[in-house]
file structure-v5.cif (mmCIF, C-alpha atoms and all ligand atoms)
data_final
loop_
_atom_site.label_atom_id
_atom_site.label_comp_id
_atom_site.auth_asym_id
_atom_site.auth_seq_id
_atom_site.Cartn_x
_atom_site.Cartn_y
_atom_site.Cartn_z
CA MET A 107 -23.87 -21.94 -3.99
CA THR A 108 -24.33 -20.70 -0.47
CA ALA A 109 -22.22 -21.97 2.37
CA SER A 110 -23.89 -23.39 5.46
CA ALA A 111 -23.32 -21.75 8.80
CA ASN A 112 -21.36 -24.82 9.86
CA ALA A 113 -19.02 -24.62 6.91
CA ILE A 114 -18.37 -20.97 7.59
CA ARG A 115 -17.68 -21.77 11.23
CA VAL A 116 -15.16 -24.44 10.25
CA LEU A 117 -13.34 -22.17 7.83
CA ALA A 118 -13.38 -19.14 10.10
CA GLY A 119 -12.12 -21.32 12.94
CA LEU A 120 -9.27 -22.56 10.77
CA LEU A 121 -8.33 -19.02 9.81
CA GLN A 122 -8.31 -17.87 13.39
CA ALA A 123 -6.31 -20.84 14.64
CA ARG A 124 -3.66 -20.32 11.96
CA THR A 125 -3.36 -16.56 11.92
CA GLY A 126 -5.22 -15.02 14.85
CA GLN A 127 -7.50 -13.25 12.37
CA GLU A 128 -11.22 -13.24 13.01
CA LEU A 129 -13.19 -13.43 9.81
CA ALA A 130 -14.57 -9.93 9.50
CA VAL A 131 -18.27 -9.60 8.84
CA SER A 132 -17.48 -8.01 5.49
CA ARG A 133 -15.45 -11.10 4.57
CA ILE A 134 -18.17 -13.51 5.63
CA TRP A 135 -20.40 -11.91 3.04
CA ARG A 136 -17.70 -12.39 0.47
CA ILE A 137 -16.50 -15.81 1.54
CA GLU A 138 -17.87 -17.31 -1.66
CA THR A 139 -16.02 -14.84 -3.82
CA SER A 140 -12.83 -15.36 -1.86
CA LEU A 141 -12.98 -19.12 -2.17
CA LYS A 142 -14.34 -19.46 -5.68
CA PRO A 143 -10.98 -19.71 -7.47
CA LEU A 144 -9.82 -22.33 -4.97
CA LEU A 145 -13.00 -24.37 -5.35
CA ARG A 146 -12.57 -24.40 -9.08
CA GLU A 147 -8.89 -25.18 -8.94
CA ARG A 148 -9.34 -28.08 -6.51
CA GLY A 149 -12.53 -29.41 -8.00
CA PHE A 150 -14.97 -28.84 -5.17
CA ASP A 151 -18.59 -28.14 -6.03
CA THR A 152 -19.51 -26.35 -2.82
CA ILE A 153 -17.95 -24.58 0.10
CA ASP A 154 -19.45 -27.23 2.34
CA ALA A 155 -17.53 -29.91 0.47
CA LEU A 156 -14.37 -27.88 0.87
CA ALA A 157 -15.03 -27.40 4.59
CA ALA A 158 -15.56 -31.13 4.97
CA ALA A 159 -12.21 -31.86 3.34
CA VAL A 160 -10.55 -29.36 5.64
CA VAL A 161 -12.11 -30.94 8.72
CA LEU A 162 -10.66 -34.30 7.69
CA ASP A 163 -7.17 -32.90 7.58
CA ARG A 164 -6.52 -29.53 9.12
CA GLU A 165 -2.80 -29.80 8.49
CA SER A 166 -3.18 -30.41 4.78
CA GLU A 167 -1.79 -28.21 2.08
CA LEU A 168 -5.41 -27.57 1.14
CA ALA A 169 -6.09 -26.06 4.56
CA GLY A 170 -3.14 -23.73 4.03
CA ALA A 171 -4.55 -22.66 0.68
CA VAL A 172 -7.93 -21.96 2.28
CA VAL A 173 -6.28 -19.76 4.89
CA ASP A 174 -4.41 -17.85 2.20
CA ALA A 175 -7.62 -17.31 0.27
CA LEU A 176 -9.44 -15.98 3.31
CA LEU A 177 -6.77 -13.49 4.32
CA ASN A 178 -7.32 -9.91 3.40
CA ASN A 179 -4.23 -8.91 1.44
CA GLU A 180 -5.35 -5.39 0.61
CA THR A 181 -2.34 -3.12 0.37
CA TYR A 182 -0.78 -0.41 -1.74
CA PHE A 183 2.37 1.64 -2.07
CA PHE A 184 3.02 4.39 0.49
CA ARG A 185 -0.26 3.63 2.21
CA ASP A 186 -1.10 6.63 4.41
CA HIS A 187 1.21 9.13 2.79
CA ALA A 188 1.21 11.37 5.83
CA VAL A 189 2.83 8.71 8.00
CA PHE A 190 5.38 7.90 5.34
CA ARG A 191 6.28 11.58 5.19
CA LEU A 192 6.74 11.59 8.93
CA LEU A 193 8.87 8.52 8.64
CA ASP A 194 10.91 9.95 5.80
CA GLY A 195 11.60 13.10 7.79
CA PRO A 196 11.93 13.35 11.56
CA ALA A 197 11.52 9.67 12.41
CA LEU A 198 14.22 8.40 10.11
CA ASP A 199 16.51 11.28 11.06
CA MET A 200 16.19 10.25 14.67
CA ILE A 201 16.87 6.59 13.95
CA ARG A 202 19.73 7.53 11.70
CA ALA A 203 21.37 9.66 14.36
CA ALA A 204 21.13 6.82 16.86
CA ARG A 205 22.64 4.31 14.41
CA GLU A 206 25.32 6.56 13.00
CA PRO A 207 28.13 4.75 14.86
CA ARG A 208 27.35 1.40 13.25
CA ARG A 209 25.68 2.57 10.08
CA ARG A 210 23.29 -0.27 9.99
CA LEU A 211 19.55 -0.06 9.61
CA ARG A 212 17.23 -2.99 10.18
CA ILE A 213 13.60 -2.71 9.17
CA TRP A 214 10.81 -5.24 9.49
CA SER A 215 7.53 -5.04 7.59
CA ALA A 216 5.40 -7.54 9.50
CA GLY A 217 2.30 -8.58 7.58
CA CYS A 218 3.73 -7.17 4.36
CA SER A 219 1.19 -8.82 2.07
CA THR A 220 2.41 -8.72 -1.55
CA GLY A 221 5.31 -6.44 -0.65
CA GLN A 222 4.16 -2.92 -1.49
CA GLU A 223 5.00 -1.69 2.00
CA ALA A 224 8.52 -3.11 1.92
CA TYR A 225 9.11 -1.76 -1.59
CA SER A 226 7.88 1.66 -0.47
CA LEU A 227 10.49 1.64 2.27
CA ALA A 228 13.19 0.54 -0.14
CA ILE A 229 12.21 3.31 -2.57
CA MET A 230 12.23 5.87 0.21
CA LEU A 231 15.79 4.95 1.11
CA ALA A 232 17.05 4.35 -2.42
CA ASP A 233 15.72 7.75 -3.49
CA GLU A 234 18.25 9.19 -1.07
CA GLY A 235 20.95 6.85 -2.16
CA GLU A 236 23.84 9.18 -1.43
CA ARG A 237 22.73 9.82 2.09
CA TRP A 238 22.69 6.10 2.83
CA ALA A 239 25.58 5.17 0.59
CA ASP A 240 27.81 3.56 3.20
CA TRP A 241 25.04 2.09 5.29
CA THR A 242 23.99 -1.52 5.48
CA ILE A 243 20.25 -1.60 5.04
CA ASP A 244 18.19 -4.72 5.59
CA ILE A 245 14.50 -4.74 5.00
CA LEU A 246 12.66 -7.87 5.98
CA GLY A 247 9.11 -8.43 4.75
CA THR A 248 7.11 -11.22 6.31
CA ASP A 249 3.58 -12.51 5.98
CA VAL A 250 1.69 -15.58 7.07
CA SER A 251 0.35 -16.01 3.55
CA ARG A 252 2.52 -18.16 1.33
CA ASP A 253 0.92 -16.76 -1.81
CA ALA A 254 1.53 -13.20 -0.75
CA ILE A 255 5.18 -13.86 0.04
CA GLU A 256 5.76 -15.59 -3.26
CA ARG A 257 4.33 -12.63 -5.10
CA ALA A 258 6.28 -10.16 -2.98
CA ARG A 259 9.49 -11.95 -3.88
CA LEU A 260 8.77 -11.58 -7.58
CA GLY A 261 8.37 -7.85 -7.19
CA ARG A 262 6.02 -7.92 -10.13
CA PHE A 263 2.91 -5.77 -10.01
CA SER A 264 -0.11 -5.49 -12.26
CA GLN A 265 -1.10 -2.22 -13.88
CA PHE A 266 -3.79 -1.93 -11.27
CA GLU A 267 -1.48 -2.55 -8.33
CA ILE A 268 1.29 -0.32 -9.56
CA GLN A 269 -0.92 2.73 -9.89
CA ARG A 270 -2.07 2.57 -6.30
CA GLY A 271 -0.13 5.00 -4.15
CA LEU A 272 3.00 5.37 -6.26
CA PRO A 273 3.72 8.79 -7.67
CA VAL A 274 4.07 8.31 -11.42
CA ARG A 275 7.65 9.56 -11.58
CA VAL A 276 8.66 7.18 -8.81
CA MET A 277 7.01 4.36 -10.70
CA LEU A 278 8.88 5.22 -13.88
CA ARG A 279 12.15 5.47 -11.97
CA TRP A 280 11.98 2.23 -9.99
CA PHE A 281 9.95 -0.17 -12.10
CA ASP A 282 10.36 -1.60 -15.56
CA GLN A 283 7.32 -2.28 -17.64
CA VAL A 284 7.37 -5.83 -18.94
CA GLY A 285 4.27 -6.63 -20.93
CA GLU A 286 1.32 -6.04 -18.67
CA SER A 287 3.36 -5.90 -15.49
CA TRP A 288 5.77 -3.63 -13.73
CA ILE A 289 8.84 -5.16 -12.14
CA ALA A 290 10.84 -3.63 -9.34
CA LYS A 291 14.40 -2.80 -10.33
CA ARG A 292 17.08 -5.08 -9.04
CA GLN A 293 18.48 -2.40 -6.78
CA LEU A 294 15.24 -2.40 -4.80
CA ARG A 295 14.86 -6.14 -4.72
CA ARG A 296 18.38 -6.50 -3.36
CA MET A 297 17.44 -4.43 -0.31
CA ILE A 298 14.56 -6.66 0.74
CA ARG A 299 14.24 -10.23 1.93
CA PHE A 300 10.81 -11.85 2.09
CA GLU A 301 9.97 -14.72 4.42
CA ARG A 302 6.91 -16.49 5.60
CA HIS A 303 6.24 -15.76 9.26
CA ASN A 304 3.36 -15.47 11.69
CA VAL A 305 3.40 -12.44 13.99
CA LEU A 306 2.11 -14.62 16.79
CA ASP A 307 5.30 -16.69 16.65
CA ARG A 308 8.77 -15.91 17.88
CA PRO A 309 10.11 -12.96 15.88
CA PRO A 310 12.53 -13.57 13.03
CA GLN A 311 16.10 -13.59 14.26
CA PRO A 312 18.28 -11.70 14.79
CA ALA A 313 15.69 -9.27 16.10
CA HIS A 314 16.54 -5.77 17.41
CA PHE A 315 14.83 -4.01 14.55
CA ASP A 316 15.26 -0.25 14.40
CA LEU A 317 11.91 0.15 12.73
CA ILE A 318 8.94 -2.19 12.62
CA LEU A 319 5.87 -1.67 10.49
CA CYS A 320 2.89 -3.77 11.46
CA ARG A 321 0.05 -2.10 9.69
CA ASN A 322 -3.50 -3.18 9.11
CA VAL A 323 -2.61 -6.63 10.35
CA LEU A 324 -3.75 -6.68 13.99
CA LEU A 325 -7.07 -5.04 13.15
CA TYR A 326 -8.99 -8.29 13.02
CA PHE A 327 -7.27 -9.98 15.94
CA PRO A 328 -9.34 -10.54 19.05
CA ALA A 329 -8.00 -8.42 21.93
CA GLU A 330 -6.01 -11.19 23.54
CA ALA A 331 -4.21 -12.24 20.35
CA ARG A 332 -3.52 -8.62 19.57
CA ALA A 333 -1.89 -8.12 22.96
CA GLY A 334 0.11 -11.27 22.29
CA ALA A 335 1.30 -9.93 18.96
CA PHE A 336 2.36 -6.64 20.57
CA ASP A 337 4.32 -8.69 23.11
CA ARG A 338 6.13 -10.43 20.29
CA LEU A 339 6.83 -7.16 18.50
CA SER A 340 8.19 -5.66 21.70
CA THR A 341 10.77 -8.43 21.92
CA ALA A 342 11.76 -7.83 18.31
CA ILE A 343 12.33 -4.10 18.47
CA ALA A 344 15.46 -2.30 19.61
CA PRO A 345 14.88 -0.44 22.89
CA ASP A 346 15.10 2.84 20.99
CA GLY A 347 13.30 1.51 17.91
CA VAL A 348 10.13 2.81 16.34
CA LEU A 349 6.88 0.99 15.61
CA MET A 350 4.54 2.18 12.90
CA LEU A 351 0.92 1.04 12.81
CA GLY A 352 -1.85 1.58 10.28
CA ALA A 353 -3.69 4.88 10.08
CA GLY A 354 -6.61 3.78 12.21
CA GLU A 355 -4.63 1.75 14.69
CA THR A 356 -3.22 2.52 18.10
CA VAL A 357 -1.54 0.83 21.05
CA LEU A 358 -3.73 2.72 23.49
CA GLY A 359 -5.72 0.30 25.57
CA GLN A 360 -4.23 -2.63 23.61
CA THR A 361 -0.85 -3.15 25.21
CA GLY A 362 1.49 -1.69 27.76
CA LYS A 363 4.52 -2.67 25.73
CA PHE A 364 4.48 0.39 23.50
CA THR A 365 3.90 4.06 24.17
CA SER A 366 2.97 6.71 21.68
CA GLU A 367 5.71 9.04 20.63
CA ARG A 368 4.72 12.55 21.63
CA THR A 369 6.48 14.37 18.84
CA LEU A 370 5.73 11.85 16.11
CA ARG A 371 2.03 11.17 15.84
CA GLY A 372 1.21 7.66 14.73
CA LEU A 373 4.57 6.22 15.71
CA TYR A 374 5.27 4.24 18.86
CA ARG A 375 8.22 3.36 21.06
CA PRO A 376 8.75 0.36 23.27
CA THR A 377 7.84 1.24 26.84
CA ALA A 378 10.90 1.48 29.04
CA HIS A 379 9.72 -0.69 31.91
CA HIS A 380 13.15 -1.62 33.12
CA PRO A 381 15.47 1.36 32.91
CA HIS A 382 18.38 -0.76 34.18
CA GLN A 383 18.10 -2.83 31.04
CA SER A 384 18.62 0.05 28.70
CA HIS A 385 22.30 -0.75 28.23
CA ARG A 386 21.00 -3.63 26.15
CA ALA A 387 20.67 -1.14 23.30
CA ALA A 388 22.22 -2.10 19.99
CA MET B 180 -11.05 27.95 0.24
CA SER B 181 -12.61 26.45 -2.82
CA ARG B 182 -10.68 24.38 -5.28
CA LYS B 183 -11.83 23.70 -8.76
CA CYS B 184 -11.44 20.66 -10.94
CA LEU B 185 -12.17 20.54 -14.64
CA VAL B 186 -13.28 17.12 -15.82
CA VAL B 187 -12.49 16.57 -19.49
CA ASP B 188 -14.12 13.52 -20.98
CA ASP B 189 -16.31 12.84 -23.98
CA SER B 190 -18.36 10.37 -22.00
CA LYS B 191 -21.22 11.88 -20.09
CA VAL B 192 -21.34 8.92 -17.73
CA ILE B 193 -17.69 9.24 -16.78
CA ARG B 194 -18.06 12.96 -16.25
CA LYS B 195 -20.98 12.33 -13.98
CA VAL B 196 -19.16 9.71 -11.93
CA ALA B 197 -16.06 11.87 -11.67
CA ARG B 198 -18.11 14.89 -10.67
CA HIS B 199 -19.80 12.94 -7.96
CA ILE B 200 -16.53 11.68 -6.49
CA LEU B 201 -14.84 15.06 -6.76
CA GLU B 202 -17.69 16.83 -5.03
CA THR B 203 -17.42 14.45 -2.09
CA LEU B 204 -13.74 15.44 -2.00
CA ASP B 205 -14.71 19.11 -1.71
CA PHE B 206 -13.92 20.18 -5.23
CA SER B 207 -16.16 22.38 -7.26
CA VAL B 208 -16.45 20.79 -10.67
CA ASP B 209 -16.65 22.04 -14.23
CA GLU B 210 -17.01 19.77 -17.22
CA ALA B 211 -15.60 19.85 -20.73
CA VAL B 212 -16.60 17.47 -23.50
CA ASP B 213 -13.31 17.51 -25.40
CA GLY B 214 -9.87 19.04 -25.46
CA SER B 215 -10.79 22.20 -27.30
CA ASP B 216 -13.75 22.87 -25.03
CA ALA B 217 -11.38 22.36 -22.09
CA LEU B 218 -8.80 24.72 -23.52
CA THR B 219 -11.37 27.48 -23.94
CA GLN B 220 -12.47 27.03 -20.35
CA CYS B 221 -8.90 27.07 -19.10
CA MET B 222 -8.21 30.32 -20.90
CA ALA B 223 -11.26 31.93 -19.35
CA ALA B 224 -10.74 30.64 -15.81
CA PRO B 225 -8.00 28.11 -15.13
CA PRO B 226 -8.97 25.39 -12.65
CA ASP B 227 -6.64 24.10 -9.94
CA VAL B 228 -6.59 20.64 -11.39
CA ILE B 229 -7.69 18.93 -14.58
CA LEU B 230 -8.85 15.35 -14.83
CA LEU B 231 -8.08 14.58 -18.44
CA ASP B 232 -9.28 11.74 -20.58
CA TRP B 233 -6.65 10.54 -23.02
CA ASN B 234 -8.74 9.35 -25.92
CA MET B 235 -11.11 12.02 -27.07
CA PRO B 236 -12.42 12.58 -30.56
CA VAL B 237 -12.01 16.31 -31.13
CA MET B 238 -8.74 17.19 -29.45
CA SER B 239 -6.88 14.33 -27.83
CA GLY B 240 -5.54 14.45 -24.31
CA MET B 241 -2.01 14.79 -25.60
CA GLU B 242 -2.87 17.65 -27.96
CA PHE B 243 -4.71 19.41 -25.20
CA LEU B 244 -1.83 18.96 -22.80
CA ARG B 245 0.68 20.41 -25.24
CA ALA B 246 -1.56 23.38 -25.94
CA LEU B 247 -2.21 23.93 -22.26
CA ARG B 248 1.45 23.90 -21.33
CA ALA B 249 2.28 26.20 -24.23
CA ALA B 250 -0.39 28.72 -23.21
CA HIS B 251 0.99 30.93 -20.50
CA LEU B 252 -1.78 30.84 -17.96
CA ALA B 253 -1.50 32.79 -14.76
CA VAL B 254 -1.63 29.58 -12.77
CA ARG B 255 -0.40 26.16 -13.78
CA PRO B 256 -3.21 23.68 -13.31
CA LYS B 257 -2.18 20.24 -12.22
CA VAL B 258 -3.11 17.56 -14.72
CA VAL B 259 -4.13 14.04 -13.84
CA PHE B 260 -4.76 12.06 -16.97
CA CYS B 261 -6.98 9.02 -17.21
CA THR B 262 -5.75 5.99 -18.99
CA THR B 263 -6.96 2.47 -19.49
CA GLU B 264 -5.20 -0.78 -18.92
CA ASN B 265 -4.10 -0.81 -22.56
CA GLY B 266 -2.89 2.74 -22.51
CA MET B 267 -0.05 2.34 -20.05
CA GLY B 268 2.47 2.73 -22.83
CA HIS B 269 1.61 6.44 -23.07
CA ILE B 270 2.50 7.24 -19.52
CA ARG B 271 6.03 8.40 -20.04
CA ALA B 272 5.05 10.48 -23.05
CA ALA B 273 2.23 12.11 -21.12
CA ILE B 274 4.48 12.96 -18.18
CA ASP B 275 7.04 14.40 -20.57
CA ALA B 276 4.31 16.50 -22.15
CA GLY B 277 3.48 18.02 -18.78
CA ALA B 278 1.02 15.75 -17.00
CA ASP B 279 1.54 15.43 -13.26
CA GLU B 280 -0.13 12.12 -12.52
CA TYR B 281 -2.28 9.47 -14.10
CA VAL B 282 -5.18 7.36 -12.94
CA MET B 283 -6.47 4.19 -14.47
CA LYS B 284 -10.10 3.88 -15.44
CA PRO B 285 -12.36 2.82 -13.90
CA PHE B 286 -11.34 4.52 -10.68
CA ASP B 287 -13.03 4.69 -7.31
CA ARG B 288 -13.11 7.49 -4.80
CA GLU B 289 -10.14 6.25 -2.82
CA THR B 290 -7.90 5.90 -5.86
CA LEU B 291 -8.75 9.33 -7.15
CA GLU B 292 -8.32 10.86 -3.73
CA THR B 293 -4.83 9.36 -3.46
CA LYS B 294 -3.88 10.67 -6.88
CA LEU B 295 -5.08 14.14 -6.00
CA GLN B 296 -3.07 13.98 -2.80
CA LEU B 297 -0.04 13.05 -4.82
CA VAL B 298 -0.34 16.25 -6.83
CA GLY B 299 -0.79 18.34 -3.73
CA PHE B 300 -4.47 18.36 -2.81
CA ALA B 301 -4.57 17.02 0.71
C1 LIG A 401 -4.54 -5.88 4.99
S1 LIG A 401 -2.94 -6.52 4.70
C2 LIG A 401 -1.92 -5.14 5.10
C3 LIG A 401 -0.63 -5.12 4.34
C4 LIG A 401 0.28 -3.93 4.63
N1 LIG A 401 0.88 -4.04 5.94
C5 LIG A 401 -0.47 -2.63 4.52
O1 LIG A 401 -0.74 -1.99 5.54
O2 LIG A 401 -0.80 -2.23 3.42
C6 LIG A 401 -2.74 -7.60 6.11
C7 LIG A 401 -1.73 -8.69 5.91
O3 LIG A 401 -1.47 -9.31 7.16
C8 LIG A 401 -1.28 -10.68 6.96
N2 LIG A 401 -1.50 -11.40 8.20
C9 LIG A 401 -2.67 -11.70 8.79
N3 LIG A 401 -2.47 -12.38 9.93
C10 LIG A 401 -1.13 -12.52 10.06
C11 LIG A 401 -0.29 -13.14 11.03
N4 LIG A 401 -0.81 -13.77 12.09
N5 LIG A 401 1.05 -13.10 10.85
C12 LIG A 401 1.57 -12.46 9.75
N6 LIG A 401 0.83 -11.87 8.81
C13 LIG A 401 -0.50 -11.89 8.96
C14 LIG A 401 -2.26 -11.01 5.85
O4 LIG A 401 -1.88 -12.19 5.16
C15 LIG A 401 -2.20 -9.77 4.98
O5 LIG A 401 -1.27 -9.94 3.94
#
call {"tool": "encode", "arguments": {"input": "structure-v5.cif", "output": "structure tokens", "more": "lines below"}}
Ligand SMILES: C[S@@+](CC[C@H](N)C(=O)[O-])C[C@H]1O[C@@H](n2cnc3c(N)ncnc32)[C@H](O)[C@@H]1O
result
Amino acid sequence: MTASANAIRVLAGLLQARTGQELAVSRIWRIETSLKPLLRERGFDTIDALAAAVVLDRESELAGAVVDALLNNETYFFRDHAVFRLLDGPALDMIRAAREPRRRLRIWSAGCSTGQEAYSLAIMLADEGERWADWTIDILGTDVSRDAIERARLGRFSQFEIQRGLPVRVMLRWFDQVGESWIAKRQLRRMIRFERHNVLDRPPQPAHFDLILCRNVLLYFPAEARAGAFDRLSTAIAPDGVLMLGAGETVLGQTGKFTSERTLRGLYRPTAHHPHQSHRAA
Amino acid sequence: MSRKCLVVDDSKVIRKVARHILETLDFSVDEAVDGSDALTQCMAAPPDVILLDWNMPVMSGMEFLRALRAAHLAVRPKVVFCTTENGMGHIRAAIDAGADEYVMKPFDRETLETKLQLVGFA
């Protein structure tokens, strides 16, 4: 069962139109593997047949399922430990100091996949429960993939997923083993809200996030879409907020909306283009 | 600055795979075929970290771990124990017995690297 070049073009085009993602070469090779469960489930014999059905109705639920299947949802807990350490130390201290008057912290994990990133943040804060005791903490996790968001909401992870990135004692503290799965404790789940959202669209409201994580999401965007996404993120972040990207990602040469933070490597701040607007701060 | 890992597993294939991965992560590697072999080696020259299989015929992972933690070695090797999907029930017991982390078999380089980072090998 090999897909024709035309079928691949149709499906890759659909993915890009819906999400901004270009189908990476590595995914093209695996397109059959990615789509196999869907083919079986929907009773298509070939990828070409599936592509034909998608062409007939690009707005169908089927098209949405194809997009979900083609997205790369790879993620794990505390991905890039070094950056999380930075976040847990100086970065969060800085944000905390700035928000002390209102004691409210708003975090957005954009492109959160199945939720590991958002749960990592929740764990980080909950592990210092006393320090944050009288704070209101909202963590929002969003992803364009409906499947991913549904799974994130469940907070249920397989034995394979749970062992990736989580220190074992943290796992034992914050997850309950139920049969073959591990379920996040209610205290964590209460801190996070998951919603479906596309980073190319208007940011979830109310915006003004103190911290935004958009990691390993913009990697496969063509330059223009990536710049567009950074524009959106810049309207969603508080003027003194912090943006965290994936380990291999940068804003350099991608956007003028964010500047790297000299003292905190790997973290970014919105560029202060209009100093007279800074009173807009939360 | 060399760091040493002792791979304890009764399967030659697993030892070979683990050795290969660990060497790419800049560890020097010793091998032990069971818990008692491992214990002898630890007494002679304790490694920095031990990758420990749980189900071994001669001296099980748990028995080894207890003996290791009871022996007062000059250094305290970190222990990452290997479990399988069906062995997840042992995790708490293993941690209580003195293991520092666990990794599920089969593992790849990235997974093992992360686990080793978690126990302090950056
Ligand atoms: C590789 S995962 C990374 C997950 C997590 N941020 C991390 O770093 O581990 C990328 C996620 O971005 C999502 N994604 C791709 N395009 C998106 C878009 N336009 N809007 C929102 N999410 C998107 C994918 O569905 C996928 O779950």
call {"tool": "residues_around", "arguments": {"input": "structure-v5.cif", "residues": "range 355-357 of chain A", "least_positions_apart": "6", "cutoff": "12 Å", "atoms": "all atoms listed in the file", "output": "PyMOL selection string"}}
result
chain A and resi 186+319-326+329+332-333+335-337+339-340+349+363-367+371-377
call {"tool": "write_last_selection", "arguments": {"input": "structure-v5.cif", "atoms": "C-alpha atoms", "output": "short mmCIF file (atom, residue, chain, number, x, y, z; two decimals), in the coordinates of the input"}}
result
data_model
loop_
_atom_site.label_atom_id
_atom_site.label_comp_id
_atom_site.auth_asym_id
_atom_site.auth_seq_id
_atom_site.Cartn_x
_atom_site.Cartn_y
_atom_site.Cartn_z
CA ASP A 186 -1.10 6.63 4.41
CA LEU A 319 5.87 -1.67 10.49
CA CYS A 320 2.89 -3.77 11.46
CA ARG A 321 0.05 -2.10 9.69
CA ASN A 322 -3.50 -3.18 9.11
CA VAL A 323 -2.61 -6.63 10.35
CA LEU A 324 -3.75 -6.68 13.99
CA LEU A 325 -7.07 -5.04 13.15
CA TYR A 326 -8.99 -8.29 13.02
CA ALA A 329 -8.00 -8.42 21.93
CA ARG A 332 -3.52 -8.62 19.57
CA ALA A 333 -1.89 -8.12 22.96
CA ALA A 335 1.30 -9.93 18.96
CA PHE A 336 2.36 -6.64 20.57
CA ASP A 337 4.32 -8.69 23.11
CA LEU A 339 6.83 -7.16 18.50
CA SER A 340 8.19 -5.66 21.70
CA LEU A 349 6.88 0.99 15.61
CA LYS A 363 4.52 -2.67 25.73
CA PHE A 364 4.48 0.39 23.50
CA THR A 365 3.90 4.06 24.17
CA SER A 366 2.97 6.71 21.68
CA GLU A 367 5.71 9.04 20.63
CA ARG A 371 2.03 11.17 15.84
CA GLY A 372 1.21 7.66 14.73
CA LEU A 373 4.57 6.22 15.71
CA TYR A 374 5.27 4.24 18.86
CA ARG A 375 8.22 3.36 21.06
CA PRO A 376 8.75 0.36 23.27
CA THR A 377 7.84 1.24 26.84
#
call {"tool": "residues_around", "arguments": {"input": "structure-v5.cif", "residues": "Lys142 in chain A", "least_positions_apart": "4", "cutoff": "12 Å", "atoms": "only C-alpha atoms", "output": "PDB file with C-alpha atoms, in the coordinates of the input"}}
result
ATOM      1  CA  MET A 107     -23.870 -21.940  -3.990  1.00  0.00           C
ATOM      2  CA  THR A 108     -24.330 -20.700  -0.470  1.00  0.00           C
ATOM      3  CA  ALA A 109     -22.220 -21.970   2.370  1.00  0.00           C
ATOM      4  CA  ARG A 136     -17.700 -12.390   0.470  1.00  0.00           C
ATOM      5  CA  ILE A 137     -16.500 -15.810   1.540  1.00  0.00           C
ATOM      6  CA  GLU A 138     -17.870 -17.310  -1.660  1.00  0.00           C
ATOM      7  CA  ARG A 146     -12.570 -24.400  -9.080  1.00  0.00           C
ATOM      8  CA  GLU A 147      -8.890 -25.180  -8.940  1.00  0.00           C
ATOM      9  CA  ARG A 148      -9.340 -28.080  -6.510  1.00  0.00           C
ATOM     10  CA  GLY A 149     -12.530 -29.410  -8.000  1.00  0.00           C
ATOM     11  CA  PHE A 150     -14.970 -28.840  -5.170  1.00  0.00           C
ATOM     12  CA  ASP A 151     -18.590 -28.140  -6.030  1.00  0.00           C
ATOM     13  CA  THR A 152     -19.510 -26.350  -2.820  1.00  0.00           C
ATOM     14  CA  ILE A 153     -17.950 -24.580   0.100  1.00  0.00           C
ATOM     15  CA  LEU A 156     -14.370 -27.880   0.870  1.00  0.00           C
ATOM     16  CA  VAL A 172      -7.930 -21.960   2.280  1.00  0.00           C
ATOM     17  CA  ALA A 175      -7.620 -17.310   0.270  1.00  0.00           C
ATOM     18  CA  LEU A 176      -9.440 -15.980   3.310  1.00  0.00           C
TER      19      LEU A 176
END
call {"tool": "closest_atom_pairs", "arguments": {"input": "structure-v5.cif", "of": "chain A", "to": "chain B", "cutoff": "12 Å", "atoms": "all atoms listed in the file", "output": "tab-separated table"}}
result
residue	atom	partner	partner_atom	distance
A:Tyr182	CA	B:Thr290	CA	10.4
A:Phe183	CA	B:Thr293	CA	10.6
A:Phe184	CA	B:Thr293	CA	10.1
A:Arg185	CA	B:Thr293	CA	9.3
A:Asp186	CA	B:Thr293	CA	9.1
A:His187	CA	B:Gln296	CA	8.5
A:Ala188	CA	B:Ala301	CA	9.6
A:Arg191	CA	B:Leu297	CA	11.9
A:Ser264	CA	B:Glu264	CA	9.6
A:Gln265	CA	B:Glu264	CA	6.7
A:Phe266	CA	B:Met283	CA	7.4
A:Glu267	CA	B:Met283	CA	10.4
A:Ile268	CA	B:Met283	CA	10.2
A:Gln269	CA	B:Val282	CA	7.0
A:Arg270	CA	B:Thr290	CA	6.7
A:Gly271	CA	B:Thr293	CA	6.4
A:Leu272	CA	B:Leu297	CA	8.4
A:Pro273	CA	B:Leu297	CA	6.4
A:Val274	CA	B:Glu280	CA	5.8
A:Arg275	CA	B:Ile274	CA	8.1
A:Val276	CA	B:Glu280	CA	10.7
A:Met277	CA	B:Arg271	CA	10.2
A:Leu278	CA	B:Arg271	CA	7.5
A:Arg279	CA	B:Arg271	CA	10.5
A:Asp282	CA	B:Gly268	CA	11.6
A:Gln283	CA	B:Gly268	CA	8.7
A:Val284	CA	B:Gly268	CA	10.6
A:Gly285	CA	B:Gly268	CA	9.7
A:Glu286	CA	B:Glu264	CA	8.4
A:Ser287	CA	B:Met267	CA	10.0
A:Trp288	CA	B:Met267	CA	10.5
call {"tool": "residues_around", "arguments": {"input": "structure-v5.cif", "residues": "Ala313 in chain A", "least_positions_apart": "3", "cutoff": "7 Å", "atoms": "all atoms listed in the file", "output": "count of residues only"}}
result
4
call {"tool": "axis_aligned_box", "arguments": {"input": "structure-v5.cif", "around": "ligand LIG 401 (chain A)", "padding_each_side": "5 Å", "output": "AutoDock Vina command-line options"}}
result
--center_x -1.5 --center_y -7.9 --center_z 7.8 --size_x 16.1 --size_y 21.8 --size_z 18.7
